[in-house]
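Here's the structure, in structure tokens; my notes come after.
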Amino acid sequence: MQVYDTTLRDGAQREGLTYSVADKLAVAKLLDEFGVGFIEGGWPGAMPKDVEFFRRAREELEFQHAILVAFGMTRKAGVHVEDDALIKGLIDAQTPAVALVAKSDLRHVLRALRTTPEENLAMVADSVAYFVANGRRVFLDCEHFFDGFRYDPDYTTSVVKAGLEAGAEIAVMCDTNGGMLPSQVSKAVGEVCARLGVSPDRLGIHTQNDTSCAVANTVAAVEAGVRHFQGTANGYGERPGNADLFACVANLQLKLGLPVLPDGCLEQMVRVSHAIAEIANIAPDTHQAYTGSAAFAHKAGLHASAIKHDPALYNHIDPAVVGNDMKILVTEMAGRASIELKSKELGLDLAGRPDVATKVTEEVKQREAAGWSYEAADASFELLVRDALGGGPAPFTLESYRVIVEHREDGAVVSEATVKVRVKGERVIATAEGNGPVNALDEALRQALTRHYASLATLELADYKVRILEGSHGTGAITRVLVETVDSRGGDWTTVGVHENVVEASWRALVDALTFGLVRVPA
């Protein structure tokens with residue numbers, strides 16, 4: 001099975017996505033660690049940045065699994081292949097393999113290239129033969145293959161034939177417009193093979209996701225005998241994107257039992273997926289198949305009850321196989337089994353405390369009905385469980401707080417907070433300014449507590465999210481606040497607060513954040 005990645009070329013066509021040369025080198029290294037067979041690095045000659053990438057790749061990258069591929073197009077109409085500047089750029093890239101895109105839809109030949117059908121076939125044959133003669137492996141990307149095959153199957157087949165007879169290793173059937181369905185892909189593979197008298201392992205598949213069938217279409221082609229498939233990390237690409245490389249690999253290896261990746265590589269999937277997302281500056285899709293943080297998350301109490309006895313009952317694979325983890329979500333749908341499993345995940349065993357599990361379950365249901373959400377606030381949930389277990393006195397108690405927002409004559413807006421708390425029997429008053437009421441409260445509370453709890457000085461507020469709850473309207477609506485906190489050791493946790501007043505909701509989330517910080521790292 002040939003796993004061909006085009007993240008750095010076709011995937012980079014995603015709206016808003018731009019890779020620097022350093023980014024491309026880092027992504028290529030990750031893809032090699034994942035075990036892909038071919039990495040399409042870009043289009044040298046057409047893109048100056050890609051010329052630099054291939055030069056640096058020769059000097060800086062030592063692949064363990066992958067072969068680097070340079071992408072380009074067949075020679076121009078009426079130009080000798082040796083004289084074509086873009087062809088020369090591919091040669092200068094010095095890659096062991098090249099991918100050549102060719103028009104395989106007669107309408108594109110006539111209207112886009114504005115050349116004759118015969119000249120297009122000659123362009124394909126000349127270009128493929130030239131690279132084969134120069135010692136390159138050649139993949140022929142037959143652009144708009146499926147649309148062209150439906151319009152004029154004889155001509156589209158003749159393009160495939162010209163490439164294979166000239167020495168192309170694989171002719172790739174490209175669903176460029178992304179409009180195909182799995183049954184149509186399977187049928188086309190069989191018909192092309194019958195027309196040419198070739199085995200389907202001489203064909204490849206490249207799909208776009210315009211019908212949300214890119215992965216399914218890839219699997220259908222492989223089931224029809226194709227042994228070369230193309231995809232991009234996380235499905236990045238133009239419009240709705242390309243076939244997600246990770247889902248394709250997992251489906252083919254785990255569901256069809258095909259030898260896709262080298263041993264030890266499949267479990268790198270989540271790490272590589274998220275690392276590439278970080279480089280692309282795109283938040284990982286939490287609901288992405290196999291690699292998303294919610295891919296193996298269970299919410300309903302019925303699911304959790306079964307999982308408590310056997311995790312395989314509600315997981316289609318062992319999440320660890322692809323480097324992921326199972327997660328139990330705590331919501332109003334949670335039953336006692338969900339609460340027990342989630343608590344165990346957090347290191348708190350409630351198996352022998354049915355009374356506590358029942359108490360926490362009821363508390364969660366009541367709070368969720370009032371607008372609280374513990375799905376994304378594990379730290380607040382853990383504090384709730386600890387309190388139910390009799391976790392001891394609170395590290396501090398609030399006497400009062402006050403926040404003043406002042407809009408000054410010069411246009412400056414300053415927030416000031418005063419906090420009065422009792423810490424270890426001592427009454428402490430602290431005042432601080434901030435760039436907003438929540439920041440001022442955070443600063444004042446830390447100032448009040450750090451003399452007694454020095455470890456709080458290492459904590460930082462990393463993210464703050466406010467949401468007006470559905471069904472609430474206007475300035476008096478119920479507000480939910482999520483606060484993400486990080487410590488100096490790289491740990492992070494999220495807490496939640498809910499109230500009609502956004503400042504009070506924020507205060508509750510902040511109190512949980514600092515309290516949980518003291519649970520993690522006592523003073």
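Lettering and numbering for the structure tokens are positional, with chains as A, B, ... in the shown order, residues counted from 1 in each chain, and ligands counted from 1 in the shown order.
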
**OP:** Please run DSSP on the backbone and report, as a VMD selection string, all residues within segment 74-166 of chain A that come out as strand (DSSP E).
**Re:** chain A and resid 97 to 103 137 to 143

Save out the residues we just selected, N, CA, C and O atoms, as a tab-separated table (two decimals), in the first residue's frame.
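See part.tsv below for the written result:
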```
chain	number	residue	atom	x	y	z
A	97	ALA	N	11.28	11.23	-6.85
A	97	ALA	CA	10.00	11.04	-7.52
A	97	ALA	C	9.37	12.38	-7.83
A	97	ALA	O	9.62	13.39	-7.14
A	98	VAL	N	8.55	12.40	-8.87
A	98	VAL	CA	7.80	13.60	-9.22
A	98	VAL	C	6.33	13.22	-9.43
A	98	VAL	O	6.02	12.08	-9.79
A	99	ALA	N	5.47	14.19	-9.20
A	99	ALA	CA	4.05	14.04	-9.50
A	99	ALA	C	3.70	15.05	-10.57
A	99	ALA	O	3.98	16.25	-10.42
A	100	LEU	N	3.14	14.59	-11.68
A	100	LEU	CA	2.77	15.46	-12.78
A	100	LEU	C	1.26	15.52	-12.90
A	100	LEU	O	0.60	14.47	-13.01
A	101	VAL	N	0.70	16.73	-12.89
A	101	VAL	CA	-0.74	16.86	-13.07
A	101	VAL	C	-1.02	17.02	-14.56
A	101	VAL	O	-0.31	17.74	-15.27
A	102	ALA	N	-2.04	16.31	-15.05
A	102	ALA	CA	-2.41	16.35	-16.46
A	102	ALA	C	-3.92	16.48	-16.58
A	102	ALA	O	-4.67	15.95	-15.76
A	103	LYS	N	-4.34	17.19	-17.60
A	103	LYS	CA	-5.78	17.31	-17.86
A	103	LYS	C	-6.29	15.98	-18.42
A	103	LYS	O	-5.76	15.46	-19.40
A	137	ARG	N	10.93	8.38	-10.41
A	137	ARG	CA	9.64	7.68	-10.34
A	137	ARG	C	8.57	8.72	-10.63
A	137	ARG	O	8.64	9.87	-10.16
A	138	VAL	N	7.56	8.34	-11.41
A	138	VAL	CA	6.56	9.31	-11.85
A	138	VAL	C	5.15	8.87	-11.43
A	138	VAL	O	4.74	7.73	-11.69
A	139	PHE	N	4.44	9.80	-10.78
A	139	PHE	CA	3.01	9.63	-10.49
A	139	PHE	C	2.26	10.62	-11.36
A	139	PHE	O	2.55	11.82	-11.33
A	140	LEU	N	1.31	10.14	-12.13
A	140	LEU	CA	0.54	11.01	-13.02
A	140	LEU	C	-0.81	11.31	-12.36
A	140	LEU	O	-1.66	10.43	-12.21
A	141	ASP	N	-1.00	12.56	-11.95
A	141	ASP	CA	-2.28	12.98	-11.35
A	141	ASP	C	-3.23	13.38	-12.47
A	141	ASP	O	-3.06	14.43	-13.11
A	142	CYS	N	-4.22	12.56	-12.71
A	142	CYS	CA	-5.19	12.81	-13.78
A	142	CYS	C	-6.29	13.73	-13.23
A	142	CYS	O	-7.27	13.27	-12.63
A	143	GLU	N	-6.11	15.01	-13.44
A	143	GLU	CA	-7.02	16.01	-12.89
A	143	GLU	C	-8.41	15.87	-13.51
A	143	GLU	O	-8.55	15.60	-14.70
```

**OP:** Pick out the closest residue to Val249 of chain A from this set: A:Glu416, A:Asp5, A:Glu500, A:Glu165. Count only C-alpha atoms.
**Re:**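 The closest residue to Val249 of chain A is A:Asp5.
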
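Atom CA of Ala194 of chain A to atom CA of Ser158 of chain A spans 13.0 Å [interatomic distance, one decimal].
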
Subject >> Contacts of Gly41 of chain A at 10 Å (only C-alpha atoms; same-chain gap of 2+ positions) as a ChimeraX atom specification >> reply: /A:5-10,24-25,27-28,38-39,43-44,50-51,53-54,57,68-71,95

Subject >> Polymer residues at most 12 Å from Cys193 of chain A, only C-alpha atoms, same-chain spacing of 2 or more positions, as a ChimeraX atom specification >> reply: /A:157,160-161,171,173,186-191,195-204,224-226

Subject >> Nearby residues (only C-alpha atoms) at most 10 Å from Leu514 of chain A, same-chain spacing under 2 positions excluded, as a ChimeraX atom specification >> reply: /A:395,442,445-446,449,455-456,459-461,485,495,509-512,516-520

Original post:
What lies within 10 Å of Ala370 of chain A using only C-alpha atoms, ignoring chain neighbours under 6 positions off, as a list in words?
Top reply: Val364, Leu469, Ile478, Val498 and His499 of chain A

Set the distance at 8 Å and use only C-alpha atoms: which residues neighbour segment 487-493 of chain A once local chain neighbours fewer than 3 positions away are removed? I'd like the list as a PDB file with all heavy atoms, in the first residue's frame.
```
ATOM      1  N   ALA A 377     -14.738  21.280  32.163  1.00  0.00           N
ATOM      2  CA  ALA A 377     -14.236  21.848  33.414  1.00  0.00           C
ATOM      3  C   ALA A 377     -13.945  20.736  34.415  1.00  0.00           C
ATOM      4  O   ALA A 377     -14.570  20.647  35.480  1.00  0.00           O
ATOM      5  CB  ALA A 377     -15.240  22.849  33.985  1.00  0.00           C
ATOM      6  N   ASP A 378     -12.981  19.896  34.059  1.00  0.00           N
ATOM      7  CA  ASP A 378     -12.631  18.769  34.925  1.00  0.00           C
ATOM      8  C   ASP A 378     -12.201  19.218  36.313  1.00  0.00           C
ATOM      9  O   ASP A 378     -12.465  18.542  37.308  1.00  0.00           O
ATOM     10  CB  ASP A 378     -11.500  17.953  34.291  1.00  0.00           C
ATOM     11  CG  ASP A 378     -12.008  17.032  33.196  1.00  0.00           C
ATOM     12  OD1 ASP A 378     -13.226  17.014  32.956  1.00  0.00           O
ATOM     13  OD2 ASP A 378     -11.176  16.334  32.587  1.00  0.00           O
ATOM     14  N   ALA A 379     -11.516  20.360  36.407  1.00  0.00           N
ATOM     15  CA  ALA A 379     -11.004  20.806  37.711  1.00  0.00           C
ATOM     16  C   ALA A 379     -12.154  21.136  38.661  1.00  0.00           C
ATOM     17  O   ALA A 379     -12.128  20.781  39.842  1.00  0.00           O
ATOM     18  CB  ALA A 379     -10.087  22.016  37.532  1.00  0.00           C
ATOM     19  N   THR A 458       2.924  31.030  40.855  1.00  0.00           N
ATOM     20  CA  THR A 458       3.360  30.375  39.608  1.00  0.00           C
ATOM     21  C   THR A 458       2.201  30.148  38.632  1.00  0.00           C
ATOM     22  O   THR A 458       2.421  29.675  37.519  1.00  0.00           O
ATOM     23  CB  THR A 458       4.015  29.015  39.908  1.00  0.00           C
ATOM     24  OG1 THR A 458       3.027  28.105  40.427  1.00  0.00           O
ATOM     25  CG2 THR A 458       5.136  29.177  40.933  1.00  0.00           C
ATOM     26  N   LEU A 459       0.977  30.471  39.058  1.00  0.00           N
ATOM     27  CA  LEU A 459      -0.184  30.223  38.211  1.00  0.00           C
ATOM     28  C   LEU A 459      -0.486  31.433  37.336  1.00  0.00           C
ATOM     29  O   LEU A 459      -0.305  32.581  37.756  1.00  0.00           O
ATOM     30  CB  LEU A 459      -1.409  29.889  39.059  1.00  0.00           C
ATOM     31  CG  LEU A 459      -1.273  28.781  40.102  1.00  0.00           C
ATOM     32  CD1 LEU A 459      -2.632  28.484  40.723  1.00  0.00           C
ATOM     33  CD2 LEU A 459      -0.679  27.542  39.493  1.00  0.00           C
ATOM     34  N   GLU A 460      -0.970  31.163  36.140  1.00  0.00           N
ATOM     35  CA  GLU A 460      -1.367  32.233  35.229  1.00  0.00           C
ATOM     36  C   GLU A 460      -2.712  31.911  34.599  1.00  0.00           C
ATOM     37  O   GLU A 460      -2.999  30.752  34.280  1.00  0.00           O
ATOM     38  CB  GLU A 460      -0.333  32.413  34.103  1.00  0.00           C
ATOM     39  CG  GLU A 460       1.002  32.945  34.548  1.00  0.00           C
ATOM     40  CD  GLU A 460       1.941  33.165  33.374  1.00  0.00           C
ATOM     41  OE1 GLU A 460       1.445  33.198  32.222  1.00  0.00           O
ATOM     42  OE2 GLU A 460       3.144  33.301  33.596  1.00  0.00           O
ATOM     43  N   GLU A 484      -9.286  29.013  31.992  1.00  0.00           N
ATOM     44  CA  GLU A 484      -8.178  28.058  31.863  1.00  0.00           C
ATOM     45  C   GLU A 484      -6.957  28.615  32.576  1.00  0.00           C
ATOM     46  O   GLU A 484      -6.587  29.773  32.365  1.00  0.00           O
ATOM     47  CB  GLU A 484      -7.851  27.794  30.394  1.00  0.00           C
ATOM     48  CG  GLU A 484      -6.732  26.767  30.215  1.00  0.00           C
ATOM     49  CD  GLU A 484      -6.359  26.527  28.765  1.00  0.00           C
ATOM     50  OE1 GLU A 484      -7.052  27.049  27.871  1.00  0.00           O
ATOM     51  OE2 GLU A 484      -5.345  25.827  28.523  1.00  0.00           O
ATOM     52  N   ALA A 513     -10.292  27.878  40.253  1.00  0.00           N
ATOM     53  CA  ALA A 513      -8.988  27.771  39.583  1.00  0.00           C
ATOM     54  C   ALA A 513      -7.846  27.794  40.588  1.00  0.00           C
ATOM     55  O   ALA A 513      -6.918  26.972  40.522  1.00  0.00           O
ATOM     56  CB  ALA A 513      -8.827  28.894  38.570  1.00  0.00           C
TER      57      ALA A 513
END
```

Original post:
How far is it from atom CA of Val185 of chain A to atom CA of Ala220 of chain A, in Å with one decimal?
Top reply: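 Computing it gives 6.7 Å between the two atoms.
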
**OP:** DSSP on the backbone, then: every residue of segment 304-428 of chain A marked alpha helix (DSSP H), written as a VMD selection string.
**Re:** chain A and resid 304 to 309 336 to 345 354 to 369 378 to 388

For the residues in the current selection, export N, CA and C atoms as a CSV table (one decimal), in the first residue's frame.
```
chain,number,residue,atom,x,y,z
A,304,ALA,N,-21.9,4.8,29.8
A,304,ALA,CA,-20.9,4.7,30.9
A,304,ALA,C,-21.1,3.5,31.7
A,305,SER,N,-22.4,3.1,31.9
A,305,SER,CA,-22.7,1.9,32.7
A,305,SER,C,-22.1,0.7,32.0
A,306,ALA,N,-22.2,0.6,30.7
A,306,ALA,CA,-21.6,-0.5,30.0
A,306,ALA,C,-20.1,-0.5,30.0
A,307,ILE,N,-19.6,0.7,29.8
A,307,ILE,CA,-18.1,0.9,29.7
A,307,ILE,C,-17.4,0.5,31.0
A,308,LYS,N,-18.2,0.8,32.1
A,308,LYS,CA,-17.6,0.4,33.4
A,308,LYS,C,-17.3,-1.1,33.5
A,309,HIS,N,-18.0,-1.9,32.8
A,309,HIS,CA,-17.8,-3.3,32.8
A,309,HIS,C,-16.8,-3.8,31.7
A,336,ARG,N,-24.8,7.3,37.7
A,336,ARG,CA,-23.8,7.1,38.7
A,336,ARG,C,-22.5,6.4,38.1
A,337,ALA,N,-22.7,5.6,37.1
A,337,ALA,CA,-21.6,4.9,36.5
A,337,ALA,C,-20.6,6.0,35.8
A,338,SER,N,-21.2,7.0,35.2
A,338,SER,CA,-20.4,8.0,34.6
A,338,SER,C,-19.6,8.8,35.6
A,339,ILE,N,-20.3,9.1,36.7
A,339,ILE,CA,-19.6,9.8,37.8
A,339,ILE,C,-18.4,9.0,38.4
A,340,GLU,N,-18.7,7.7,38.6
A,340,GLU,CA,-17.6,6.8,39.1
A,340,GLU,C,-16.5,6.7,38.2
A,341,LEU,N,-16.7,6.5,36.9
A,341,LEU,CA,-15.7,6.4,35.9
A,341,LEU,C,-14.9,7.7,35.8
A,342,LYS,N,-15.6,8.8,35.7
A,342,LYS,CA,-14.9,10.1,35.6
A,342,LYS,C,-14.0,10.4,36.8
A,343,SER,N,-14.6,10.1,38.0
A,343,SER,CA,-13.8,10.3,39.2
A,343,SER,C,-12.6,9.4,39.3
A,344,LYS,N,-12.7,8.1,38.8
A,344,LYS,CA,-11.6,7.2,38.7
A,344,LYS,C,-10.5,7.8,37.8
A,345,GLU,N,-11.0,8.3,36.7
A,345,GLU,CA,-10.1,8.9,35.7
A,345,GLU,C,-9.2,10.1,36.3
A,354,PRO,N,-20.9,4.3,47.4
A,354,PRO,CA,-22.1,4.6,46.6
A,354,PRO,C,-22.9,5.8,47.0
A,355,ASP,N,-22.8,6.1,48.3
A,355,ASP,CA,-23.5,7.3,48.8
A,355,ASP,C,-23.0,8.6,48.2
A,356,VAL,N,-21.6,8.6,48.2
A,356,VAL,CA,-21.0,9.8,47.6
A,356,VAL,C,-21.3,9.9,46.1
A,357,ALA,N,-21.2,8.8,45.4
A,357,ALA,CA,-21.4,8.8,44.0
A,357,ALA,C,-22.9,9.3,43.7
A,358,THR,N,-23.8,8.8,44.5
A,358,THR,CA,-25.2,9.3,44.3
A,358,THR,C,-25.3,10.8,44.6
A,359,LYS,N,-24.7,11.2,45.6
A,359,LYS,CA,-24.8,12.6,46.0
A,359,LYS,C,-24.2,13.5,44.9
A,360,VAL,N,-23.0,13.1,44.4
A,360,VAL,CA,-22.4,13.9,43.3
A,360,VAL,C,-23.2,13.9,42.0
A,361,THR,N,-23.8,12.7,41.7
A,361,THR,CA,-24.7,12.6,40.5
A,361,THR,C,-25.8,13.6,40.6
A,362,GLU,N,-26.5,13.6,41.7
A,362,GLU,CA,-27.6,14.5,41.9
A,362,GLU,C,-27.2,16.0,41.9
A,363,GLU,N,-26.1,16.2,42.5
A,363,GLU,CA,-25.6,17.6,42.5
A,363,GLU,C,-25.3,18.1,41.1
A,364,VAL,N,-24.6,17.2,40.3
A,364,VAL,CA,-24.3,17.5,38.9
A,364,VAL,C,-25.6,17.8,38.1
A,365,LYS,N,-26.6,16.9,38.2
A,365,LYS,CA,-27.8,17.1,37.5
A,365,LYS,C,-28.5,18.4,37.8
A,366,GLN,N,-28.5,18.8,39.1
A,366,GLN,CA,-29.1,20.0,39.5
A,366,GLN,C,-28.4,21.2,39.0
A,367,ARG,N,-27.0,21.2,39.1
A,367,ARG,CA,-26.2,22.3,38.6
A,367,ARG,C,-26.3,22.4,37.1
A,368,GLU,N,-26.3,21.3,36.4
A,368,GLU,CA,-26.3,21.4,34.9
A,368,GLU,C,-27.7,22.0,34.5
A,369,ALA,N,-28.7,21.6,35.2
A,369,ALA,CA,-30.1,22.2,34.9
A,369,ALA,C,-30.1,23.7,35.1
A,378,ASP,N,-13.0,19.9,34.1
A,378,ASP,CA,-12.6,18.8,34.9
A,378,ASP,C,-12.2,19.2,36.3
A,379,ALA,N,-11.5,20.4,36.4
A,379,ALA,CA,-11.0,20.8,37.7
A,379,ALA,C,-12.2,21.1,38.7
A,380,SER,N,-13.2,21.8,38.2
A,380,SER,CA,-14.3,22.1,39.0
A,380,SER,C,-15.1,20.9,39.4
A,381,PHE,N,-15.1,19.9,38.5
A,381,PHE,CA,-15.8,18.6,38.9
A,381,PHE,C,-15.0,17.9,39.9
A,382,GLU,N,-13.7,17.9,39.8
A,382,GLU,CA,-12.8,17.2,40.8
A,382,GLU,C,-13.0,17.9,42.2
A,383,LEU,N,-13.1,19.2,42.2
A,383,LEU,CA,-13.3,19.9,43.5
A,383,LEU,C,-14.7,19.5,44.1
A,384,LEU,N,-15.7,19.3,43.2
A,384,LEU,CA,-17.0,18.9,43.7
A,384,LEU,C,-17.0,17.5,44.3
A,385,VAL,N,-16.2,16.6,43.7
A,385,VAL,CA,-16.1,15.3,44.2
A,385,VAL,C,-15.3,15.3,45.5
A,386,ARG,N,-14.2,16.0,45.6
A,386,ARG,CA,-13.4,16.1,46.8
A,386,ARG,C,-14.2,16.7,48.0
A,387,ASP,N,-15.0,17.6,47.7
A,387,ASP,CA,-15.9,18.2,48.7
A,387,ASP,C,-16.9,17.2,49.2
A,388,ALA,N,-17.4,16.4,48.3
A,388,ALA,CA,-18.4,15.3,48.7
A,388,ALA,C,-17.7,14.3,49.5
```

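Counting only C-alpha atoms and comparing A:Ser20, A:Thr450, A:Gln94, A:Asn134, the residue that lies closest to Arg55 of chain A is A:Gln94.
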
Considering only C-alpha atoms, give me a table of residues in segment 428-470 of chain A that are at most 10 Å from segment 504-507 of chain A, with the closest atom pair and distance in Å for each, as a tab-separated table.
```
residue	atom	partner	partner_atom	distance
A:Pro437	CA	A:Ser506	CA	9.4
A:Val438	CA	A:Ser506	CA	6.6
A:Asn439	CA	A:Ser506	CA	9.8
A:Leu441	CA	A:Trp507	CA	7.4
A:Asp442	CA	A:Trp507	CA	8.1
A:Leu445	CA	A:Trp507	CA	9.6
A:Tyr464	CA	A:Ser506	CA	8.8
A:Lys465	CA	A:Ser506	CA	9.5
A:Val466	CA	A:Ser506	CA	8.7
```
